[in-house]
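The next block is work_19.pdb, given as PDB, C-alpha atoms.
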ATOM      1  CA  MET A   1     -45.231 -36.574  24.762
ATOM      2  CA  GLN A   2     -47.034 -39.656  25.978
ATOM      3  CA  ASN A   3     -47.305 -41.144  22.498
ATOM      4  CA  ALA A   4     -43.590 -40.574  21.874
ATOM      5  CA  ARG A   5     -42.749 -42.259  25.154
ATOM      6  CA  ILE A   6     -44.792 -45.320  24.221
ATOM      7  CA  VAL A   7     -43.185 -45.547  20.791
ATOM      8  CA  PHE A   8     -39.708 -45.088  22.277
ATOM      9  CA  GLY A   9     -40.366 -47.776  24.904
ATOM     10  CA  TRP A  10     -41.564 -50.332  22.347
ATOM     11  CA  LEU A  11     -38.701 -49.473  20.015
ATOM     12  CA  ALA A  12     -36.132 -49.849  22.792
ATOM     13  CA  PHE A  13     -37.705 -53.160  23.845
ATOM     14  CA  LEU A  14     -37.557 -54.560  20.315
ATOM     15  CA  ILE A  15     -33.992 -53.319  19.772
ATOM     16  CA  LEU A  16     -32.826 -54.981  22.998
ATOM     17  CA  ILE A  17     -34.450 -58.288  22.071
ATOM     18  CA  VAL A  18     -33.049 -58.200  18.526
ATOM     19  CA  PHE A  19     -29.588 -57.304  19.827
ATOM     20  CA  SER A  20     -29.722 -60.212  22.263
ATOM     21  CA  ILE A  21     -30.679 -62.655  19.493
ATOM     22  CA  TYR A  22     -27.996 -61.198  17.185
ATOM     23  CA  SER A  23     -25.348 -61.476  19.904
ATOM     24  CA  PHE A  24     -26.340 -65.080  20.535
ATOM     25  CA  PHE A  25     -26.033 -66.072  16.876
ATOM     26  CA  GLU A  26     -22.854 -64.055  16.344
ATOM     27  CA  SER A  27     -20.900 -65.641  19.189
ATOM     28  CA  GLY A  28     -22.570 -69.046  19.245
ATOM     29  CA  SER A  29     -23.233 -68.868  22.972
ATOM     30  CA  ILE A  30     -24.987 -66.638  25.433
ATOM     31  CA  THR A  31     -22.524 -63.896  26.310
ATOM     32  CA  ILE A  32     -22.692 -61.156  28.916
ATOM     33  CA  GLU A  33     -23.910 -58.698  26.269
ATOM     34  CA  ALA A  34     -26.857 -60.946  25.458
ATOM     35  CA  TRP A  35     -27.746 -61.254  29.138
ATOM     36  CA  ILE A  36     -27.482 -57.514  29.702
ATOM     37  CA  SER A  37     -29.844 -56.743  26.843
ATOM     38  CA  LEU A  38     -32.277 -59.417  28.032
ATOM     39  CA  LEU A  39     -32.217 -58.038  31.562
ATOM     40  CA  LEU A  40     -32.795 -54.462  30.374
ATOM     41  CA  SER A  41     -35.692 -55.360  28.086
ATOM     42  CA  PRO A  42     -38.359 -55.516  30.879
ATOM     43  CA  ALA A  43     -37.463 -51.953  31.882
ATOM     44  CA  ALA A  44     -38.057 -50.752  28.329
ATOM     45  CA  LEU A  45     -41.310 -52.696  28.186
ATOM     46  CA  ALA A  46     -42.475 -51.187  31.469
ATOM     47  CA  PHE A  47     -41.574 -47.761  30.121
ATOM     48  CA  ALA A  48     -43.767 -48.441  27.069
ATOM     49  CA  LEU A  49     -46.741 -49.897  28.949
ATOM     50  CA  ASN A  50     -46.887 -47.360  31.775
ATOM     51  CA  ARG A  51     -49.307 -44.745  30.497
ATOM     52  CA  SER A  52     -49.313 -42.481  33.551
ATOM     53  CA  LYS A  53     -46.402 -40.298  34.492
ATOM     54  CA  TRP A  54     -45.281 -41.090  38.007
ATOM     55  CA  TRP A  55     -43.986 -37.556  38.594
ATOM     56  CA  GLU A  56     -47.363 -35.983  37.771
ATOM     57  CA  ARG A  57     -49.655 -38.174  39.858
ATOM     58  CA  ASP A  58     -52.075 -36.125  41.939
ATOM     59  CA  THR A  59     -53.282 -38.725  44.396
ATOM     60  CA  ILE A  60     -50.953 -40.444  46.742
ATOM     61  CA  HIS A  61     -52.506 -43.503  48.281
ATOM     62  CA  PRO A  62     -51.764 -43.610  51.989
ATOM     63  CA  THR A  63     -50.622 -46.936  53.273
ATOM     64  CA  THR A  64     -52.550 -48.346  56.157
ATOM     65  CA  ILE A  65     -50.619 -50.025  58.880
ATOM     66  CA  ILE A  66     -52.320 -52.940  60.526
ATOM     67  CA  GLU A  67     -51.080 -53.547  64.008
ATOM     68  CA  GLU A  68     -50.822 -57.134  65.038
ATOM     69  CA  GLU A  69     -51.837 -58.251  68.464
ATOM     70  CA  SER A  70     -48.843 -58.719  70.639
ATOM     71  CA  VAL A  71     -48.461 -62.180  72.062
ATOM     72  CA  GLU A  72     -47.458 -62.148  75.674
ATOM     73  CA  THR A  73     -45.035 -64.818  76.732
ATOM     74  CA  SER A  74     -44.885 -65.844  80.302
ATOM     75  CA  SER A  75     -41.398 -65.951  81.725
ATOM     76  CA  LYS A  76     -42.418 -68.560  84.286
ATOM     77  CA  LYS A  77     -42.140 -71.436  81.811
ATOM     78  CA  GLU A  78     -39.134 -73.636  82.210
ATOM     79  CA  VAL A  79     -37.234 -75.011  79.287
ATOM     80  CA  PRO A  80     -37.717 -78.791  78.982
ATOM     81  CA  ASN A  81     -34.744 -81.054  79.393
ATOM     82  CA  PRO A  82     -33.696 -82.383  75.951
ATOM     83  CA  GLU A  83     -32.494 -85.687  77.439
ATOM     84  CA  GLU A  84     -35.965 -86.385  78.795
ATOM     85  CA  ASP A  85     -37.499 -85.781  75.357
ATOM     86  CA  GLY A  86     -35.093 -88.213  73.678
ATOM     87  CA  PHE A  87     -32.617 -85.770  72.160
ATOM     88  CA  ASP A  88     -28.897 -86.183  72.423
ATOM     89  CA  ILE A  89     -26.724 -83.362  73.645
ATOM     90  CA  PRO A  90     -23.918 -82.670  71.148
ATOM     91  CA  VAL A  91     -20.414 -82.741  72.554
ATOM     92  CA  MET A  92     -17.757 -80.598  70.937
TER      93      MET A  92
END
Would you mind giving the structure from this file in structure tokens?
Amino acid sequence: MQNARIVFGWLAFLILIVFSIYSFFESGSITIEAWISLLLSPAALAFALNRSKWWERDTIHPTTIIEEESVETSSKKEVPNPEEDGFDIPVM
């Protein structure tokens, strides 16, 4: 099963690339069909290169959550006056 999946993935990848090149030469410009086949080709390549079946994996790697230190802001600070710092106040 695994060998057939690899062969199918490579075959699908090559067919999508060839179809994209054929569509380009047939129409003389890059059409939506050429773009679709180019955008689907990485999925076929990933299907061919992925040797492990994701539905049969035994180990699930737990994700570790790193908690960041919370920064406390003091509410006693006053906002500086923008006119004193040299900024203009926009008028609408």
Exercise for the section: Skip Trp35 of chain A itself and residues of its chain fewer than 6 positions away, then list as a list in words all residues within 10 Å of it, counting all atoms listed in the file. Expected result: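 The filter keeps Ser20, Ser23, Phe24 and Ser41 of chain A.
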Handout entry: Ala46 of chain A surroundings by all atoms listed in the file, 10 Å radius, close-in-sequence under 4 positions cut, as a list in words
Key = Ile6, Gly9, Trp10, Phe13, Ser41, Pro42, Asn50 and Arg51 of chain A
Completion exercise
With distances taken over all atoms listed in the file, the candidate from A:Val79, A:Asp85, A:Leu49, A:Ile66 nearest Phe8 of chain A is A:Leu49
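Note that atom CA of Ala44 of chain A and atom CA of Ser27 of chain A are 24.5 Å apart.
This file, queried with the PyMOL selection byres ((chain A and resi 21) around 12), gives the residues Leu14, Ile15, Leu16, Ile17, Val18, Phe19, Ser20, Tyr22, Ser23, Phe24, Phe25, Glu26, Ser27, Gly28, Ser29, Ile30, Thr31, Glu33, Ala34, Trp35, Ile36, Ser37 and Leu38 of chain A.
Going from atom CA of Ala12 of chain A over to atom CA of Leu45 of chain A, you cover 8.0 Å.
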